$ cat run-v8.txt   # compact mmCIF, C-alpha atoms
# COMPACT_ATOMS: atom_id res chain seq x y z
CA MET J 1500 -26.08 12.53 -31.98
CA THR J 1501 -24.11 9.29 -31.45
CA GLU J 1502 -25.23 6.80 -28.81
CA SER J 1503 -22.75 7.30 -25.99
CA GLN J 1504 -22.59 5.68 -22.60
CA LEU J 1505 -20.85 8.65 -21.01
CA THR J 1506 -22.70 10.38 -18.22
CA ALA J 1507 -22.23 13.85 -16.79
CA VAL J 1508 -20.19 14.33 -13.62
CA THR J 1509 -21.48 16.60 -10.90
CA VAL J 1510 -19.75 16.77 -7.53
CA ASP J 1511 -19.32 19.63 -5.11
CA GLY J 1512 -17.43 22.34 -6.98
CA PHE J 1513 -16.68 20.32 -10.10
CA ALA J 1514 -18.66 19.20 -13.15
CA VAL J 1515 -18.11 17.59 -16.54
CA GLU J 1516 -20.75 17.75 -19.27
CA PRO J 1517 -20.02 15.32 -22.13
CA GLN J 1518 -21.54 15.07 -25.56
CA VAL J 1519 -20.73 12.87 -28.54
CA ALA J 1520 -21.66 14.12 -32.00
CA GLY J 1521 -20.44 12.27 -35.06
CA SER J 1522 -16.87 11.27 -34.41
CA VAL J 1523 -16.18 13.94 -31.81
CA LEU J 1524 -16.41 13.76 -28.04
CA THR J 1525 -16.81 17.17 -26.41
CA ALA J 1526 -16.57 17.60 -22.65
CA VAL J 1527 -17.08 20.90 -20.86
CA LEU J 1528 -15.34 21.06 -17.48
CA LYS J 1529 -16.36 23.55 -14.82
CA GLY J 1530 -15.23 24.37 -11.31
CA THR J 1531 -12.13 23.38 -9.37
CA GLY J 1532 -9.90 20.43 -10.25
CA ASP J 1533 -8.73 19.77 -6.71
CA THR J 1534 -8.51 16.65 -4.55
CA ALA J 1535 -12.28 16.18 -4.52
CA ALA J 1536 -12.38 16.14 -8.31
CA VAL J 1537 -9.65 13.53 -8.84
CA ALA J 1538 -11.67 10.32 -8.45
CA PRO J 1539 -14.69 11.47 -10.51
CA LEU J 1540 -12.43 12.88 -13.23
CA GLU J 1541 -10.38 9.66 -13.39
CA ALA J 1542 -13.59 7.62 -13.64
CA PHE J 1543 -14.96 9.90 -16.35
CA LEU J 1544 -11.76 9.82 -18.41
CA ASP J 1545 -11.47 6.05 -18.04
CA ALA J 1546 -15.00 5.73 -19.43
CA ALA J 1547 -14.24 8.31 -22.11
CA ALA J 1548 -11.17 6.36 -23.27
CA VAL J 1549 -13.33 3.24 -23.60
CA GLU J 1550 -15.92 5.19 -25.61
CA VAL J 1551 -13.27 6.69 -27.88
CA LYS J 1552 -12.17 3.17 -28.79
CA ARG J 1553 -15.67 1.62 -28.95
CA LEU J 1554 -17.08 4.37 -31.17
CA ALA J 1555 -13.81 4.91 -33.08
CA LEU J 1556 -13.97 8.60 -32.24
CA GLN J 1557 -11.44 10.74 -34.09
CA SER J 1558 -11.34 13.69 -31.76
CA ALA J 1559 -11.84 14.55 -28.09
CA VAL J 1560 -12.35 18.20 -27.18
CA PHE J 1561 -12.02 19.33 -23.56
CA ASP J 1562 -13.33 22.81 -22.92
CA VAL J 1563 -11.57 23.90 -19.71
CA ARG J 1564 -12.31 27.62 -19.93
CA ALA J 1565 -14.48 27.50 -16.82
CA LEU J 1566 -11.96 25.47 -14.84
CA TYR J 1567 -10.20 27.38 -12.07
CA LEU J 1568 -7.58 24.90 -10.93
CA LEU J 1569 -6.06 21.64 -12.14
CA ASN J 1570 -3.97 19.82 -9.56
CA SER J 1571 -1.30 17.35 -10.57
CA SER J 1572 -3.53 14.34 -9.89
CA CYS J 1573 -6.17 15.73 -12.25
CA LEU J 1574 -3.42 16.47 -14.76
CA LYS J 1575 -2.29 12.86 -14.35
CA ALA J 1576 -5.82 11.69 -15.24
CA PHE J 1577 -5.55 13.59 -18.54
CA LEU J 1578 -2.07 12.11 -19.12
CA ALA J 1579 -3.54 8.64 -18.78
CA PHE J 1580 -6.37 9.51 -21.18
CA VAL J 1581 -3.94 10.89 -23.77
CA PHE J 1582 -1.68 7.86 -23.38
CA ARG J 1583 -4.58 5.46 -23.89
CA THR J 1584 -6.25 7.25 -26.77
CA THR J 1585 -3.19 8.19 -28.75
CA SER J 1586 -2.15 4.55 -28.87
CA ASN J 1587 -5.41 3.80 -30.75
CA GLN J 1588 -5.13 3.31 -34.50
CA PRO J 1589 -5.82 5.83 -35.85
CA ALA J 1590 -4.86 8.00 -32.87
CA CYS J 1591 -7.55 10.22 -31.42
CA ARG J 1592 -6.74 13.94 -31.60
CA VAL J 1593 -7.11 15.64 -28.23
CA ARG J 1594 -7.90 19.37 -28.19
CA PHE J 1595 -8.08 21.60 -25.14
CA LEU J 1596 -10.02 24.84 -25.39
CA VAL J 1597 -8.53 27.38 -22.97
CA ASP J 1598 -9.29 30.93 -21.90
CA ALA J 1599 -6.43 33.11 -23.19
CA LYS J 1600 -6.87 35.39 -20.18
CA LEU J 1601 -6.13 32.49 -17.82
CA GLY J 1602 -2.51 31.80 -18.73
CA TRP J 1603 -2.19 28.99 -16.21
CA GLN J 1604 -4.49 26.78 -18.31
CA ARG J 1605 -2.15 26.71 -21.30
CA ARG J 1606 0.92 26.59 -19.04
CA SER J 1607 -0.42 23.50 -17.24
CA LEU J 1608 -1.65 21.66 -20.30
CA VAL J 1609 1.35 22.29 -22.53
CA ALA J 1610 3.08 19.38 -20.77
CA LEU J 1611 0.58 17.09 -22.51
CA VAL J 1612 1.47 18.64 -25.86
CA ARG J 1613 5.15 17.96 -25.19
CA MET J 1614 4.26 14.34 -24.42
CA ALA J 1615 2.25 13.80 -27.61
CA PRO J 1616 2.80 16.76 -29.96
CA ALA J 1617 1.19 15.10 -32.96
CA GLN J 1618 -2.03 14.33 -31.09
CA VAL J 1619 -2.58 17.02 -28.44
CA PHE J 1620 -3.44 20.64 -29.23
CA ILE J 1621 -4.30 23.71 -27.18
CA GLU J 1622 -6.52 26.41 -28.64
CA ASP J 1623 -7.55 29.79 -27.28
CA ALA J 1624 -11.33 30.02 -27.41
CA MET A 905 8.75 40.85 -12.45
CA GLU A 906 5.78 42.61 -10.86
CA PRO A 907 3.36 40.52 -8.83
CA ASP A 908 0.42 40.11 -11.19
CA VAL A 909 -2.35 37.72 -12.15
CA GLU A 910 0.14 35.25 -13.62
CA THR A 911 2.32 35.29 -10.53
CA GLY A 912 -0.80 34.84 -8.42
CA ALA A 913 -1.80 31.82 -10.50
CA ARG A 914 1.66 30.28 -10.03
CA VAL A 915 1.54 30.84 -6.28
CA HIS A 916 -1.97 29.36 -6.19
CA MET A 917 -0.80 26.23 -8.01
CA VAL A 918 2.23 25.78 -5.76
CA ALA A 919 0.21 26.35 -2.57
CA GLN A 920 -2.33 23.78 -3.74
CA GLU A 921 0.32 21.17 -4.57
CA LEU A 922 2.16 21.64 -1.27
CA ALA A 923 -1.04 21.65 0.77
CA GLU A 924 -2.27 18.46 -0.85
CA ASN A 925 1.08 16.77 -0.26
CA VAL A 926 1.30 17.62 3.44
CA LEU A 927 -2.33 16.66 4.00
CA LYS A 928 -2.03 13.40 2.08
CA TYR A 929 1.22 12.19 3.59
CA SER A 930 1.14 13.51 7.16
CA THR A 931 1.53 10.68 9.67
CA ASP A 932 0.22 12.58 12.69
CA GLY A 933 -2.49 14.76 11.16
CA GLU A 934 -0.61 17.96 11.93
CA THR A 935 0.47 20.05 8.95
CA HIS A 936 1.76 23.55 8.32
CA LEU A 937 1.78 25.69 5.20
CA GLU A 938 3.20 29.20 5.31
CA LEU A 939 3.35 31.89 2.61
CA VAL A 940 5.79 34.79 3.06
CA LEU A 941 6.48 37.82 0.85
CA ASP A 942 10.02 38.80 1.64
CA SER A 943 13.13 40.59 0.41
CA GLY A 944 16.51 38.98 -0.06
CA PRO A 945 19.87 39.82 -1.66
CA GLN A 946 18.34 39.20 -5.09
CA GLY A 947 15.24 41.33 -4.49
CA ARG A 948 11.67 40.54 -3.57
CA LEU A 949 10.54 36.97 -3.34
CA VAL A 950 7.61 34.80 -2.42
CA ARG A 951 8.32 31.76 -0.30
CA LEU A 952 6.00 28.89 0.58
CA THR A 953 7.01 26.50 3.34
CA ALA A 954 5.27 23.19 3.97
CA ARG A 955 6.02 21.12 7.08
CA ASN A 956 4.76 17.77 8.27
CA ARG A 957 5.85 14.52 9.85
CA THR A 958 5.77 11.75 7.32
CA SER A 959 7.09 8.25 6.67
CA SER A 960 10.82 7.66 6.13
CA GLU A 961 9.97 6.34 2.66
CA LYS A 962 8.25 9.62 1.79
CA VAL A 963 11.14 11.64 3.20
CA GLU A 964 13.58 9.70 1.02
CA GLU A 965 11.37 10.09 -2.03
CA VAL A 966 11.07 13.87 -1.55
CA GLN A 967 14.82 14.25 -0.92
CA ARG A 968 15.60 12.23 -4.04
CA ARG A 969 13.18 14.25 -6.17
CA VAL A 970 14.40 17.63 -4.87
CA GLU A 971 18.03 16.64 -5.40
CA GLU A 972 17.22 15.59 -8.95
CA LEU A 973 15.54 18.94 -9.65
CA GLN A 974 18.41 20.90 -8.11
CA HIS A 975 20.96 19.14 -10.29
CA ALA A 976 18.91 19.19 -13.47
CA ARG A 977 20.05 21.33 -16.37
CA ASP A 978 16.40 22.16 -16.96
CA PRO A 979 13.59 21.15 -14.55
CA VAL A 980 11.24 20.86 -17.53
CA GLU A 981 13.28 17.87 -18.71
CA VAL A 982 12.78 16.15 -15.35
CA TYR A 983 9.07 16.98 -15.41
CA ASP A 984 8.62 15.68 -18.95
CA ARG A 985 10.45 12.45 -18.13
CA LEU A 986 8.24 11.91 -15.10
CA ILE A 987 5.19 12.59 -17.24
CA ARG A 988 6.25 9.95 -19.76
CA GLU A 989 6.93 7.47 -16.95
CA THR A 990 3.72 8.13 -15.07
CA ALA A 991 1.28 8.33 -17.99
CA PRO A 992 0.78 4.55 -18.32
CA ARG A 993 0.52 4.01 -14.55
CA ARG A 994 -2.57 4.34 -12.38
CA GLY A 995 -2.69 6.03 -9.00
CA VAL A 996 -0.62 8.78 -7.39
CA SER A 997 0.90 11.20 -9.89
CA GLY A 998 4.21 11.96 -8.15
CA LEU A 999 4.43 15.03 -10.35
CA GLY A 1000 3.85 17.76 -7.76
CA LEU A 1001 7.41 18.86 -6.91
CA ALA A 1002 8.58 18.71 -10.51
CA ARG A 1003 5.53 20.69 -11.57
CA ILE A 1004 6.25 23.34 -8.94
CA SER A 1005 9.73 23.73 -10.37
CA ALA A 1006 9.08 23.31 -14.09
CA GLU A 1007 5.69 24.94 -14.50
CA GLY A 1008 5.75 27.32 -11.57
CA GLY A 1009 9.36 28.42 -11.95
CA PHE A 1010 9.97 28.01 -8.21
CA CYS A 1011 13.24 26.84 -6.67
CA VAL A 1012 12.52 23.87 -4.39
CA THR A 1013 14.57 22.77 -1.39
CA CYS A 1014 13.90 20.34 1.44
CA SER A 1015 15.33 19.53 4.86
CA LEU A 1016 14.59 17.58 8.01
CA ASN A 1017 14.00 19.70 11.10
CA ASP A 1018 13.26 18.06 14.45
CA GLY A 1019 11.70 15.08 12.67
CA GLU A 1020 9.62 17.21 10.32
CA LEU A 1021 10.03 17.24 6.58
CA VAL A 1022 10.30 20.87 5.47
CA VAL A 1023 9.78 21.71 1.80
CA VAL A 1024 10.45 25.29 0.72
CA ALA A 1025 9.43 26.69 -2.67
CA THR A 1026 10.83 30.12 -3.56
CA LEU A 1027 10.08 32.42 -6.50
CA LEU A 1028 12.12 35.56 -7.14
CA LEU A 1029 9.89 38.48 -8.04
CA GLY A 1030 12.64 40.93 -9.04
CA GLU A 1031 14.31 44.05 -7.77
CA GLU A 1032 13.03 46.18 -4.91
CA ALA A 1033 11.03 49.19 -6.06
CA PRO A 1034 13.15 52.36 -5.67
$ encode --input "run-v8.txt" --output "structure tokens"
Amino acid sequence: MTESQLTAVTVDGFAVEPQVAGSVLTAVLKGTGDTAAVAPLEAFLDAAAVEVKRLALQSAVFDVRALYLLNSSCLKAFLAFVFRTTSNQPACRVRFLVDAKLGWQRRSLVALVRMAPAQVFIEDA
Amino acid sequence: MEPDVETGARVHMVAQELAENVLKYSTDGETHLELVLDSGPQGRLVRLTARNRTSSEKVEEVQRRVEELQHARDPVEVYDRLIRETAPRRGVSGLGLARISAEGGFCVTCSLNDGELVVVATLLLGEEAP
């Protein structure tokens, strides 16, 4: 387990559980990505972008299968993370694990793939 | 298209985006959000209407964005451009209306009615059942 300064996020109806192992950051998101989640998610992803650079992480995996909504402000927080981490050298690969039965997850996140197709990937899990 | 889980998810996303906008930008604290299942000349449709009083700057911004979406060859192109522009910036996303159109597949219009900004998002569901 790599020494990471990332801490878990737990607010009413929303949680992020991070873990860094080797060169991979994994974050499991749960709950509702609504207005209440925006500030804690932005803060978490800001810190995560710093850790990706500090630890030279090669991959960030966001497991959003237990997420039931992602508003545009939360989506914007992921855009900022992708923008920051894909400009690292070498660029960090960003993978989203989605629930194939929840089509909205892929439909929402595919905009990030269009923005950075060489770095962002969506996988059914 | 039959109303199904996917349609429900689209309506959920659009309702959330509109509700957050009217709540965030209302200048008098009074907001309205209405969802109607209706029939029109092109068949069944779902229509969400958001109303609030807001600043003249916000009215202009919404009118400009809606006009851009209405004239776009493909709303996804507008959405993707906004995404590229907004990614490096901090703060408000400004993506909501474009997302409603590009990701949700809704047609978006806006008007001013008695000082209120009215934003209408409409999704055609298909032909009437026989």
$ closest_atom_pairs --input "run-v8.txt" --of "chain J" --to "chain A" --cutoff "6 Å" --atoms "all atoms listed in the file" --output "Markdown table"
| residue | atom | partner | partner_atom | distance |
| --- | --- | --- | --- | --- |
| J:Ser1571 | CA | A:Gly1000 | CA | 5.9 |
| J:Ser1572 | CA | A:Ser997 | CA | 5.4 |
| J:Lys1575 | CA | A:Ser997 | CA | 5.7 |
| J:Leu1578 | CA | A:Ala991 | CA | 5.2 |
| J:Ala1579 | CA | A:Ala991 | CA | 4.9 |
$ atom_distance --input "run-v8.txt" --atom1 "atom CA of Phe1580 of chain J" --atom2 "atom CA of Glu1541 of chain J"
8.8 Å
$ atom_distance --input "run-v8.txt" --atom1 "atom CA of Ala1590 of chain J" --atom2 "atom CA of Val982 of chain A"
26.2 Å
$ closest_residue --input "run-v8.txt" --among "J:Leu1611, J:Ala1535, J:Val1619, J:Ala1546" --to "Arg1592 of chain J" --atoms "only C-alpha atoms"
J:Val1619
$ axis_aligned_box --input "run-v8.txt" --around "segment 1577-1585 of chain J" --padding-each-side "5 Å" --output "AutoDock Vina command-line options"
--center_x -4.0 --center_y 9.5 --center_z -23.6 --size_x 14.7 --size_y 18.1 --size_z 20.2
